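Just below is one structure, and these are the notes that go with it.
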Amino acid sequence: MKKKVLFKEISLGIVGVILGTISGYLVGLNTKPSIKNNIIYPSSILLKNNDEIGKINIENLEGNINETISFDINILDNKYTLLYIDINNEKFIPNIDNYFSFNLIEGINVITTYYIESSNFNMDSNILVSIDKNIKNGDIKIHNNNKEVESLKTSFGRTIDLVIEPEDNYYLDKVYINDEYILSPTIDNEYKFRSFIDQEFIDENGNYLNKITSNFIANGEINDDTYNEFLEYTKNYDSLSEIDFTSQELKDLFSIIDLARIALFRVNELDFYTVQNYNEAISNAYFIKNKQGTTSSYIKYNDSLMKEVISYSSNCNYAQRIENSSDNFLNLKVYNSYGKDKVSSYNKANFYEPSETLTLTTNEYKEKYFIEPFSLLNYELYDVFMLNEETKICDETFNSSIVKDGDGYLLSLNLSPNSVINYAKYMQTTTSYPGASSIIKQEEPPVFTKVGLKMSLTSDFYLSSIITREEYSVKSIVGDVSTLGYGKSIFNLSQTEYNEIPPLNENVDTSKIYGVIK
């Protein structure tokens, strides 16, 4: 018989601001939010019987549809402990910092907080923390008082220490607590999470269960069980051209995002490929217009892989080249160049005089730059990040779908801004190099409001091009700067004139790929 969790419920109403009245009225149970022009004003006080027991610290008090709202909850009265919260009928489990984020929906946005009173709950009740024993290519270890344990019985709210150890030639990709995706841990592969109580997770002995699982990836390449399912489905066909990827049968087996990831997998399994990307970002602030051009080149030849990124404008000039070291995707050589004397335009970048030379592991690179070093696409492609409704982006509608396009297919994705959180952090690093002008330095990662992409695929489901559209704002010394981004990648999936990775003192000859695309 399941144990009952005793909790109290607090509804956080949403109140309007009229004639400059400050948001944050004390609102009680079941207060109805008000909304005007899709801008919300959340209240900031948690109440019980008119007594203040906690506070929501909200960074943005207003926002439009699909904008990300972030906040943390501070419980002021130690007689109460946060259990979980409900945002627009979706349940969110607190992390150790009680930090949350969600996207605003059209209409009423409601936040409900569930908490427990210590006097009504035995805080020493057993909570079992266990590890999924089916983890492959790595190990997760629980530490208790600096000692490794197989499992742990603990109390609610206690912080649990994990150590994650990938096998040789593998690195950590994701960590899941109770099937909820948690961001990858720090460079030393240590991670902390808070044990919590939930009636949905109870083992056969009546213990509340915190289940830990993880995913490891080999040699820095994209890998996923979905691709194995795809191979199993397609093995009975002589050619993938015989398959209708828009059929209902395929839709029942694979989501639109699954198919997008499969297309990326098929590129990464090849021995040879070259890809060239051109991205243009146009920013406007106080009648000042800036155009930032960024060109990325990828070259793979057998076990060698190189990625070169060169970004230039009148205000910001930055370049980076990454190469895998000694046929090992875990160890990287990273070269950075800064300034107009090094990077004046794409065709004049001088990597033979790097401003900085680094030797990093793959995990160290992700810790420093937040993204996968050789990622073909810097978006997180998971179903939870796909928006189904039609959204206008740069005068084009990105309605998530796959349709036939000539002899091939056009796959479109309309994504949540949460899909680019790590990419936004990476963008901030490109303005933070030594000697960069304070004008172009980003005080915070850009805030995305719209993200969409279109993939063009051949009849046998190989990528030929990707087009991206983005809208975001950048916080700089001159204030918030609205930016419109456009990107295009062209894929060549056969062997080219490059039969090796170019040495450091040799610029990539783009004519051997496709020439600069604009």
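Here, A, B, ... name the chains of the structure tokens in the order displayed, residue numbers run from 1 inside each chain, and ligands are numbered from 1 in the same displayed order.
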Could you produce a table of the residues of stretch 294-388 of chain A lying within 6 Å of stretch 416-430 of chain A, with the nearest pair of atoms per residue and their separation in Å rounded to one decimal, using only C-alpha atoms, ordered by chain and increasing residue number, as a tab-separated table?
```
residue	atom	partner	partner_atom	distance
A:Tyr369	CA	A:Tyr426	CA	5.2
A:Phe370	CA	A:Asn422	CA	5.5
A:Asn378	CA	A:Tyr423	CA	5.9
A:Tyr379	CA	A:Val420	CA	5.2
A:Glu380	CA	A:Ser419	CA	4.7
A:Phe385	CA	A:Ser416	CA	5.0
A:Met386	CA	A:Ser416	CA	5.9
```
### Task
as a list in words, list the residues of stretch 144-260 of chain A assigned to helix (DSSP H, G or I) by DSSP on the backbone atoms of this structure.
Asp225, Thr226, Tyr227, Asn228, Glu229, Phe230, Leu231, Glu232, Tyr233, Thr234, Leu240, Ser241, Glu242, Gln248, Glu249, Leu250, Lys251, Asp252, Leu253, Ile256, Ile257, Asp258, Leu259 and Ala260 of chain A
### Query
Just how far from atom CA of A:Ser375 is atom CA of A:Glu356, in Å to one decimal?
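Taking atom CA of A:Glu356 and atom CA of A:Ser375, their separation equals 21.6 Å.
Of the residues under consideration (A:Ile322, A:Ile58, A:Leu128, A:Val163), A:Ile322 shows the shortest atom-to-atom contact distance to A:Leu360 when counting only C-alpha atoms.
Ranking A:Asn363, A:Asn302, A:Ser476, A:Ser155 by their shortest atom-to-atom distance to A:Ser494, with only C-alpha atoms included, puts A:Asn302 first.
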### Query
What lies within 9 Å of A:Lys291 using only C-alpha atoms, ignoring chain neighbours under 6 positions off, as a list in words?
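Listing them by chain and then by number gives Glu280, Ala281, Ile282, Ser283, Tyr312, Ser313 and Ser314 of chain A.
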### Task
Find the residue from A:Val508, A:Ile131, A:Ile87, A:Ile108 that sits nearest to A:Met306; use only C-alpha atoms when measuring.
A:Val508
### Message
I'd like to know which of A:Tyr301, A:Tyr472, A:Tyr84, A:Tyr99 is closest to A:Thr113, using only C-alpha atoms.
### Response
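For A:Thr113, the nearest of the given residues is A:Tyr84.
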### Message
Ranking A:Asn207, A:Asn88, A:Thr449, A:Ser401 by minimum distance to A:Glu67 and counting only C-alpha atoms, which one comes first?
### Response
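Looking only at the distances to A:Glu67, the closest residue turns out to be A:Thr449.
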### Query
Just how far from atom CA of A:Ile177 is atom CA of A:Tyr227, in Å to one decimal?
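Between atom CA of A:Tyr227 and atom CA of A:Ile177 the gap is 23.5 Å.
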As a short mmCIF file (atom, residue, chain, number, x, y, z; two decimals) with N, CA, C and O atoms, in the first residue's frame, please: every residue in stretch 91-312 of chain A that a backbone DSSP assignment puts in strand (DSSP E or B).
```cif
data_model
loop_
_atom_site.label_atom_id
_atom_site.label_comp_id
_atom_site.auth_asym_id
_atom_site.auth_seq_id
_atom_site.Cartn_x
_atom_site.Cartn_y
_atom_site.Cartn_z
N LYS A 91 4.20 19.29 -14.34
CA LYS A 91 4.86 19.15 -13.05
C LYS A 91 6.36 19.38 -13.18
O LYS A 91 7.01 18.85 -14.09
N PHE A 92 6.94 20.14 -12.25
CA PHE A 92 8.36 20.41 -12.22
C PHE A 92 8.91 20.05 -10.85
O PHE A 92 8.44 20.53 -9.82
N TYR A 99 15.34 26.19 -8.65
CA TYR A 99 15.35 27.05 -9.84
C TYR A 99 14.48 26.42 -10.92
O TYR A 99 14.53 25.22 -11.15
N PHE A 100 13.68 27.27 -11.60
CA PHE A 100 12.75 26.78 -12.62
C PHE A 100 12.77 27.72 -13.81
O PHE A 100 13.09 28.91 -13.70
N SER A 101 12.37 27.20 -14.96
CA SER A 101 12.13 28.03 -16.14
C SER A 101 11.03 27.37 -16.97
O SER A 101 10.89 26.15 -16.97
N PHE A 102 10.23 28.19 -17.66
CA PHE A 102 9.18 27.67 -18.52
C PHE A 102 8.86 28.70 -19.59
O PHE A 102 9.23 29.88 -19.48
N ASN A 103 8.18 28.25 -20.63
CA ASN A 103 7.79 29.14 -21.72
C ASN A 103 6.35 29.61 -21.52
O ASN A 103 5.46 28.80 -21.24
N ILE A 111 0.90 29.25 -11.98
CA ILE A 111 1.94 28.54 -11.23
C ILE A 111 1.34 28.12 -9.89
O ILE A 111 0.80 28.96 -9.17
N THR A 112 1.41 26.84 -9.58
CA THR A 112 0.92 26.34 -8.30
C THR A 112 2.06 25.66 -7.57
O THR A 112 2.78 24.86 -8.16
N THR A 113 2.23 26.00 -6.30
CA THR A 113 3.33 25.47 -5.51
C THR A 113 2.82 24.45 -4.49
O THR A 113 1.85 24.72 -3.79
N TYR A 114 3.47 23.31 -4.44
CA TYR A 114 3.15 22.27 -3.47
C TYR A 114 4.30 22.19 -2.46
O TYR A 114 5.46 22.07 -2.86
N TYR A 115 3.97 22.24 -1.21
CA TYR A 115 4.99 22.20 -0.18
C TYR A 115 4.52 21.30 0.94
O TYR A 115 3.35 20.91 1.00
N ILE A 116 5.41 20.93 1.84
CA ILE A 116 5.04 20.09 2.96
C ILE A 116 5.44 20.77 4.26
O ILE A 116 6.40 21.56 4.31
N GLU A 117 4.69 20.49 5.29
CA GLU A 117 4.99 21.01 6.62
C GLU A 117 5.73 19.94 7.41
O GLU A 117 5.32 18.78 7.45
N ILE A 127 14.10 7.21 1.74
CA ILE A 127 14.06 7.50 0.31
C ILE A 127 15.23 6.76 -0.32
O ILE A 127 16.39 7.02 0.00
N LEU A 128 14.94 5.82 -1.16
CA LEU A 128 15.96 4.98 -1.76
C LEU A 128 16.51 5.65 -3.01
O LEU A 128 15.76 6.02 -3.91
N VAL A 129 17.82 5.81 -3.05
CA VAL A 129 18.50 6.34 -4.24
C VAL A 129 19.21 5.17 -4.90
O VAL A 129 20.07 4.54 -4.31
N SER A 130 18.84 4.86 -6.14
CA SER A 130 19.41 3.69 -6.81
C SER A 130 19.89 4.06 -8.20
O SER A 130 19.48 5.06 -8.78
N ILE A 131 20.78 3.21 -8.73
CA ILE A 131 21.37 3.44 -10.05
C ILE A 131 20.86 2.38 -11.02
O ILE A 131 20.76 1.20 -10.68
N GLY A 138 30.00 3.07 -19.19
CA GLY A 138 30.33 4.01 -18.13
C GLY A 138 29.70 3.58 -16.82
O GLY A 138 28.96 2.60 -16.76
N ASP A 139 30.02 4.32 -15.77
CA ASP A 139 29.54 3.94 -14.44
C ASP A 139 29.15 5.20 -13.68
O ASP A 139 29.79 6.24 -13.80
N ILE A 140 28.07 5.12 -12.92
CA ILE A 140 27.66 6.19 -12.02
C ILE A 140 27.81 5.67 -10.60
O ILE A 140 27.37 4.57 -10.28
N LYS A 141 28.43 6.45 -9.75
CA LYS A 141 28.67 6.03 -8.38
C LYS A 141 28.06 7.04 -7.42
O LYS A 141 28.18 8.24 -7.61
N ILE A 142 27.40 6.52 -6.37
CA ILE A 142 26.85 7.36 -5.32
C ILE A 142 27.88 7.46 -4.20
O ILE A 142 28.45 6.46 -3.78
N HIS A 143 28.11 8.67 -3.74
CA HIS A 143 29.03 8.87 -2.62
C HIS A 143 28.26 9.31 -1.38
O HIS A 143 27.40 10.20 -1.45
N ASN A 144 28.56 8.68 -0.26
CA ASN A 144 27.97 9.03 1.01
C ASN A 144 29.11 9.22 2.00
O ASN A 144 29.86 8.27 2.29
N LYS A 147 32.41 8.15 0.69
CA LYS A 147 32.59 6.73 0.42
C LYS A 147 31.57 6.27 -0.62
O LYS A 147 30.42 6.70 -0.62
N GLU A 148 32.03 5.38 -1.51
CA GLU A 148 31.14 4.86 -2.55
C GLU A 148 30.17 3.85 -1.97
O GLU A 148 30.56 2.98 -1.18
N VAL A 149 28.88 3.96 -2.34
CA VAL A 149 27.87 3.01 -1.89
C VAL A 149 27.05 2.57 -3.10
O VAL A 149 26.94 3.29 -4.10
N LEU A 152 21.51 4.12 -1.57
CA LEU A 152 21.50 4.95 -0.38
C LEU A 152 20.07 5.19 0.08
O LEU A 152 19.20 5.53 -0.73
N LYS A 153 19.82 4.98 1.37
CA LYS A 153 18.55 5.36 1.95
C LYS A 153 18.77 6.66 2.73
O LYS A 153 19.62 6.72 3.61
N THR A 154 18.02 7.66 2.36
CA THR A 154 18.26 8.98 2.91
C THR A 154 16.94 9.63 3.24
O THR A 154 15.88 9.03 3.12
N THR A 159 21.05 16.45 -0.12
CA THR A 159 21.84 16.55 -1.35
C THR A 159 22.69 15.30 -1.52
O THR A 159 23.42 14.90 -0.61
N ILE A 160 22.56 14.67 -2.68
CA ILE A 160 23.28 13.43 -2.99
C ILE A 160 24.42 13.74 -3.96
O ILE A 160 24.23 14.45 -4.95
N ASP A 161 25.61 13.19 -3.69
CA ASP A 161 26.77 13.38 -4.54
C ASP A 161 26.93 12.20 -5.49
O ASP A 161 26.91 11.05 -5.07
N LEU A 162 27.10 12.50 -6.78
CA LEU A 162 27.34 11.47 -7.80
C LEU A 162 28.70 11.70 -8.43
O LEU A 162 29.14 12.83 -8.60
N VAL A 163 29.34 10.60 -8.82
CA VAL A 163 30.55 10.66 -9.64
C VAL A 163 30.29 9.81 -10.87
O VAL A 163 29.93 8.63 -10.76
N ILE A 164 30.45 10.38 -12.05
CA ILE A 164 30.16 9.68 -13.30
C ILE A 164 31.48 9.40 -14.01
O ILE A 164 32.29 10.30 -14.23
N GLU A 165 31.71 8.13 -14.36
CA GLU A 165 32.99 7.72 -14.94
C GLU A 165 32.76 7.01 -16.27
O GLU A 165 32.39 5.84 -16.29
N PRO A 166 32.95 7.69 -17.39
CA PRO A 166 32.86 7.01 -18.69
C PRO A 166 34.01 6.04 -18.89
O PRO A 166 35.09 6.21 -18.34
N TYR A 170 34.89 6.97 -24.41
CA TYR A 170 33.52 7.45 -24.29
C TYR A 170 33.51 8.72 -23.44
O TYR A 170 34.45 8.97 -22.68
N TYR A 171 32.45 9.50 -23.59
CA TYR A 171 32.27 10.63 -22.72
C TYR A 171 30.80 10.76 -22.35
O TYR A 171 29.92 10.23 -23.01
N LEU A 172 30.56 11.48 -21.27
CA LEU A 172 29.20 11.63 -20.76
C LEU A 172 28.37 12.52 -21.65
O LEU A 172 28.82 13.56 -22.11
N ASP A 173 27.13 12.09 -21.90
CA ASP A 173 26.23 12.90 -22.71
C ASP A 173 25.12 13.51 -21.86
O ASP A 173 24.99 14.72 -21.77
N LYS A 174 24.31 12.70 -21.20
CA LYS A 174 23.17 13.18 -20.44
C LYS A 174 23.08 12.45 -19.10
O LYS A 174 23.56 11.33 -18.95
N VAL A 175 22.44 13.09 -18.15
CA VAL A 175 22.09 12.45 -16.88
C VAL A 175 20.60 12.64 -16.66
O VAL A 175 20.05 13.72 -16.91
N TYR A 176 19.92 11.57 -16.21
CA TYR A 176 18.49 11.63 -15.94
C TYR A 176 18.24 11.23 -14.49
O TYR A 176 18.76 10.22 -14.01
N ILE A 177 17.45 12.03 -13.79
CA ILE A 177 16.99 11.69 -12.45
C ILE A 177 15.49 11.44 -12.55
O ILE A 177 14.72 12.34 -12.91
N GLU A 180 13.80 12.40 -15.73
CA GLU A 180 13.79 13.82 -16.07
C GLU A 180 15.20 14.22 -16.48
O GLU A 180 16.18 13.95 -15.79
N TYR A 181 15.32 14.90 -17.63
CA TYR A 181 16.63 15.27 -18.17
C TYR A 181 17.29 16.33 -17.29
O TYR A 181 16.71 17.35 -16.96
N ILE A 182 18.52 16.06 -16.90
CA ILE A 182 19.32 16.98 -16.11
C ILE A 182 20.53 17.38 -16.95
O ILE A 182 21.12 16.55 -17.62
N GLU A 190 31.45 15.35 -11.56
CA GLU A 190 30.74 15.27 -10.29
C GLU A 190 29.43 16.03 -10.42
O GLU A 190 29.35 17.05 -11.09
N TYR A 191 28.41 15.51 -9.77
CA TYR A 191 27.09 16.12 -9.89
C TYR A 191 26.34 15.98 -8.59
O TYR A 191 26.53 15.00 -7.85
N LYS A 192 25.51 16.95 -8.29
CA LYS A 192 24.69 16.91 -7.08
C LYS A 192 23.23 17.03 -7.47
O LYS A 192 22.88 17.73 -8.40
N PHE A 193 22.38 16.29 -6.75
CA PHE A 193 20.95 16.48 -6.92
C PHE A 193 20.29 16.30 -5.56
O PHE A 193 20.88 15.74 -4.62
N ARG A 194 19.08 16.79 -5.44
CA ARG A 194 18.37 16.73 -4.17
C ARG A 194 17.35 15.60 -4.20
O ARG A 194 16.56 15.49 -5.14
N ILE A 202 7.87 4.61 -6.10
CA ILE A 202 7.92 3.82 -4.88
C ILE A 202 8.31 2.40 -5.25
O ILE A 202 7.74 1.81 -6.17
N TYR A 208 10.33 5.46 -1.19
CA TYR A 208 10.30 6.44 -2.26
C TYR A 208 11.61 6.32 -3.03
O TYR A 208 12.69 6.19 -2.46
N LEU A 209 11.52 6.38 -4.35
CA LEU A 209 12.65 6.01 -5.18
C LEU A 209 13.16 7.20 -6.01
O LEU A 209 12.39 7.88 -6.68
N ASN A 210 14.46 7.44 -5.95
CA ASN A 210 15.14 8.35 -6.87
C ASN A 210 15.99 7.48 -7.80
O ASN A 210 16.98 6.89 -7.37
N LYS A 211 15.60 7.40 -9.05
CA LYS A 211 16.29 6.54 -10.01
C LYS A 211 17.24 7.38 -10.86
O LYS A 211 16.86 8.42 -11.38
N ILE A 212 18.47 6.90 -11.01
CA ILE A 212 19.49 7.63 -11.77
C ILE A 212 19.87 6.83 -13.00
O ILE A 212 20.20 5.66 -12.91
N THR A 213 19.80 7.44 -14.15
CA THR A 213 20.27 6.82 -15.39
C THR A 213 21.14 7.82 -16.13
O THR A 213 21.16 9.00 -15.83
N SER A 214 21.86 7.32 -17.12
CA SER A 214 22.74 8.20 -17.88
C SER A 214 22.96 7.65 -19.28
O SER A 214 22.59 6.52 -19.58
N ASN A 215 23.57 8.48 -20.11
CA ASN A 215 23.87 8.09 -21.48
C ASN A 215 25.31 8.49 -21.79
O ASN A 215 25.74 9.60 -21.46
N PHE A 216 26.05 7.59 -22.42
CA PHE A 216 27.43 7.87 -22.81
C PHE A 216 27.55 7.73 -24.33
O PHE A 216 26.89 6.91 -24.95
N ILE A 217 28.41 8.55 -24.91
CA ILE A 217 28.57 8.57 -26.37
C ILE A 217 30.02 8.22 -26.72
O ILE A 217 30.95 8.67 -26.05
N ALA A 218 30.19 7.46 -27.79
CA ALA A 218 31.52 7.00 -28.19
C ALA A 218 32.21 8.00 -29.10
O ALA A 218 31.62 8.54 -30.03
N PHE A 272 33.85 10.17 -44.98
CA PHE A 272 34.25 11.43 -45.61
C PHE A 272 33.05 12.37 -45.67
O PHE A 272 31.96 11.96 -46.03
N TYR A 273 33.26 13.61 -45.34
CA TYR A 273 32.28 14.63 -45.65
C TYR A 273 32.90 16.01 -45.46
O TYR A 273 33.87 16.19 -44.72
N THR A 274 32.35 16.97 -46.17
CA THR A 274 32.68 18.38 -45.95
C THR A 274 31.37 19.14 -45.86
O THR A 274 30.40 18.84 -46.57
N VAL A 275 31.33 20.10 -44.97
CA VAL A 275 30.15 20.93 -44.77
C VAL A 275 30.60 22.36 -44.66
O VAL A 275 31.61 22.66 -44.02
N GLN A 276 29.87 23.25 -45.31
CA GLN A 276 30.16 24.67 -45.15
C GLN A 276 28.88 25.39 -44.75
O GLN A 276 27.81 25.17 -45.32
N ASN A 277 29.01 26.23 -43.73
CA ASN A 277 27.88 26.98 -43.22
C ASN A 277 28.18 28.47 -43.25
O ASN A 277 29.31 28.88 -42.94
N TYR A 278 27.19 29.24 -43.65
CA TYR A 278 27.29 30.70 -43.52
C TYR A 278 26.12 31.19 -42.70
O TYR A 278 24.97 30.86 -42.97
N ASN A 279 26.41 31.97 -41.67
CA ASN A 279 25.38 32.52 -40.81
C ASN A 279 25.53 34.03 -40.76
O ASN A 279 26.65 34.55 -40.65
N GLU A 280 24.41 34.73 -40.85
CA GLU A 280 24.42 36.18 -40.80
C GLU A 280 23.46 36.64 -39.71
O GLU A 280 22.30 36.21 -39.66
N ALA A 281 23.94 37.49 -38.81
CA ALA A 281 23.12 38.02 -37.73
C ALA A 281 23.09 39.54 -37.85
O ALA A 281 24.14 40.19 -37.86
N ILE A 282 21.90 40.09 -37.94
CA ILE A 282 21.73 41.54 -38.10
C ILE A 282 21.11 42.09 -36.82
O ILE A 282 20.02 41.68 -36.42
N SER A 283 21.82 43.02 -36.18
CA SER A 283 21.38 43.59 -34.92
C SER A 283 21.07 45.07 -35.08
O SER A 283 21.74 45.77 -35.84
N ASN A 284 20.06 45.52 -34.34
CA ASN A 284 19.66 46.92 -34.39
C ASN A 284 19.53 47.46 -32.98
O ASN A 284 18.84 46.87 -32.14
N ALA A 285 20.20 48.59 -32.71
CA ALA A 285 20.08 49.24 -31.40
C ALA A 285 20.37 50.73 -31.56
O ALA A 285 21.44 51.11 -32.03
N ILE A 288 21.75 52.09 -34.66
CA ILE A 288 23.02 51.49 -35.06
C ILE A 288 22.74 50.08 -35.56
O ILE A 288 22.13 49.27 -34.87
N LYS A 289 23.20 49.77 -36.78
CA LYS A 289 22.98 48.46 -37.36
C LYS A 289 24.31 47.74 -37.51
O LYS A 289 25.27 48.29 -38.04
N ASN A 290 24.38 46.50 -37.04
CA ASN A 290 25.60 45.70 -37.14
C ASN A 290 25.29 44.37 -37.80
O ASN A 290 24.30 43.72 -37.46
N LYS A 291 26.12 43.97 -38.73
CA LYS A 291 25.97 42.67 -39.39
C LYS A 291 27.17 41.81 -39.03
O LYS A 291 28.32 42.18 -39.34
N GLN A 292 26.90 40.67 -38.39
CA GLN A 292 27.95 39.74 -38.01
C GLN A 292 27.87 38.54 -38.93
O GLN A 292 26.85 37.86 -39.00
N GLY A 293 28.93 38.29 -39.68
CA GLY A 293 28.99 37.13 -40.56
C GLY A 293 29.84 36.03 -39.94
O GLY A 293 30.91 36.30 -39.40
N THR A 294 29.35 34.81 -39.98
CA THR A 294 30.09 33.67 -39.42
C THR A 294 30.09 32.54 -40.43
O THR A 294 29.03 32.13 -40.90
N THR A 295 31.27 32.04 -40.75
CA THR A 295 31.39 30.91 -41.66
C THR A 295 32.03 29.75 -40.93
O THR A 295 33.03 29.91 -40.26
N SER A 296 31.42 28.57 -41.06
CA SER A 296 31.94 27.37 -40.43
C SER A 296 32.24 26.34 -41.50
O SER A 296 31.45 26.15 -42.43
N SER A 297 33.38 25.68 -41.38
CA SER A 297 33.75 24.61 -42.30
C SER A 297 34.05 23.34 -41.51
O SER A 297 34.69 23.39 -40.46
N TYR A 298 33.56 22.22 -42.02
CA TYR A 298 33.82 20.92 -41.42
C TYR A 298 34.49 20.04 -42.48
O TYR A 298 34.05 19.99 -43.63
N ILE A 299 35.51 19.33 -42.08
CA ILE A 299 36.15 18.37 -42.97
C ILE A 299 36.39 17.08 -42.18
O ILE A 299 37.02 17.10 -41.12
N LYS A 300 35.87 15.98 -42.66
CA LYS A 300 36.16 14.68 -42.06
C LYS A 300 36.82 13.80 -43.09
O LYS A 300 36.33 13.67 -44.22
N TYR A 301 37.92 13.20 -42.70
CA TYR A 301 38.61 12.25 -43.57
C TYR A 301 39.03 11.07 -42.70
O TYR A 301 39.93 11.19 -41.87
N SER A 304 40.01 11.50 -38.95
CA SER A 304 40.39 12.89 -38.65
C SER A 304 39.21 13.81 -38.93
O SER A 304 38.49 13.65 -39.91
N LEU A 305 39.03 14.78 -38.03
CA LEU A 305 37.91 15.71 -38.16
C LEU A 305 38.37 17.10 -37.76
O LEU A 305 39.10 17.27 -36.78
N MET A 306 37.93 18.10 -38.52
CA MET A 306 38.28 19.48 -38.25
C MET A 306 37.04 20.35 -38.38
O MET A 306 36.21 20.14 -39.27
N LYS A 307 36.91 21.32 -37.48
CA LYS A 307 35.86 22.32 -37.58
C LYS A 307 36.51 23.69 -37.44
O LYS A 307 37.31 23.92 -36.52
N GLU A 308 36.17 24.57 -38.35
CA GLU A 308 36.72 25.92 -38.32
C GLU A 308 35.56 26.92 -38.31
O GLU A 308 34.65 26.83 -39.14
N VAL A 309 35.56 27.85 -37.37
CA VAL A 309 34.53 28.87 -37.25
C VAL A 309 35.20 30.24 -37.31
O VAL A 309 36.11 30.52 -36.53
N ILE A 310 34.75 31.07 -38.23
CA ILE A 310 35.32 32.41 -38.38
C ILE A 310 34.18 33.41 -38.39
O ILE A 310 33.26 33.33 -39.21
N SER A 311 34.21 34.34 -37.43
CA SER A 311 33.14 35.31 -37.27
C SER A 311 33.73 36.71 -37.35
O SER A 311 34.75 37.00 -36.72
N TYR A 312 33.08 37.57 -38.09
CA TYR A 312 33.67 38.89 -38.34
C TYR A 312 32.60 39.95 -38.57
O TYR A 312 31.52 39.68 -39.07
#
```
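Proximity of A:Gly406, A:Ile501, A:Glu229, A:Thr81 to A:Asn324, computed with only C-alpha atoms, is greatest for A:Ile501.
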### Message
So the first atom is atom CA of A:Asn95 and the second is atom CA of A:Tyr80; what is the distance between them in Å, to one decimal place?
### Response
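Pair atom CA of A:Asn95 / atom CA of A:Tyr80 returns 16.2 Å.
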### Task
Find the spatial neighbours of A:Ser255, counting only C-alpha atoms, within a cut-off of 8 Å - ignore same-chain residues fewer than 4 positions away - and output them as an MDAnalysis selection string.
chainID A and resid 251 259 383
Any chance you could export the current selection's all heavy atoms as a compact mmCIF listing (two decimals), in the first residue's frame?
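See out20.txt below for the written result:
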```txt
# COMPACT_ATOMS: atom_id res chain seq x y z
N LYS A 251 5.44 7.77 -39.36
CA LYS A 251 5.05 8.75 -38.33
C LYS A 251 4.71 8.07 -37.02
O LYS A 251 4.92 8.64 -35.93
CB LYS A 251 3.86 9.57 -38.82
CG LYS A 251 4.19 10.51 -39.97
CD LYS A 251 2.96 11.28 -40.43
CE LYS A 251 3.29 12.19 -41.60
NZ LYS A 251 2.09 12.92 -42.10
N LEU A 259 13.45 11.89 -36.86
CA LEU A 259 13.93 11.84 -38.24
C LEU A 259 15.05 12.85 -38.48
O LEU A 259 16.01 12.58 -39.21
CB LEU A 259 12.78 12.08 -39.21
CG LEU A 259 11.69 10.98 -39.23
CD1 LEU A 259 10.56 11.38 -40.17
CD2 LEU A 259 12.28 9.64 -39.65
N ASP A 383 12.12 15.77 -28.39
CA ASP A 383 10.69 16.04 -28.59
C ASP A 383 10.16 17.13 -27.67
O ASP A 383 9.28 17.89 -28.03
CB ASP A 383 9.87 14.76 -28.39
CG ASP A 383 10.05 13.79 -29.55
OD1 ASP A 383 9.84 14.22 -30.70
OD2 ASP A 383 10.39 12.63 -29.32
```
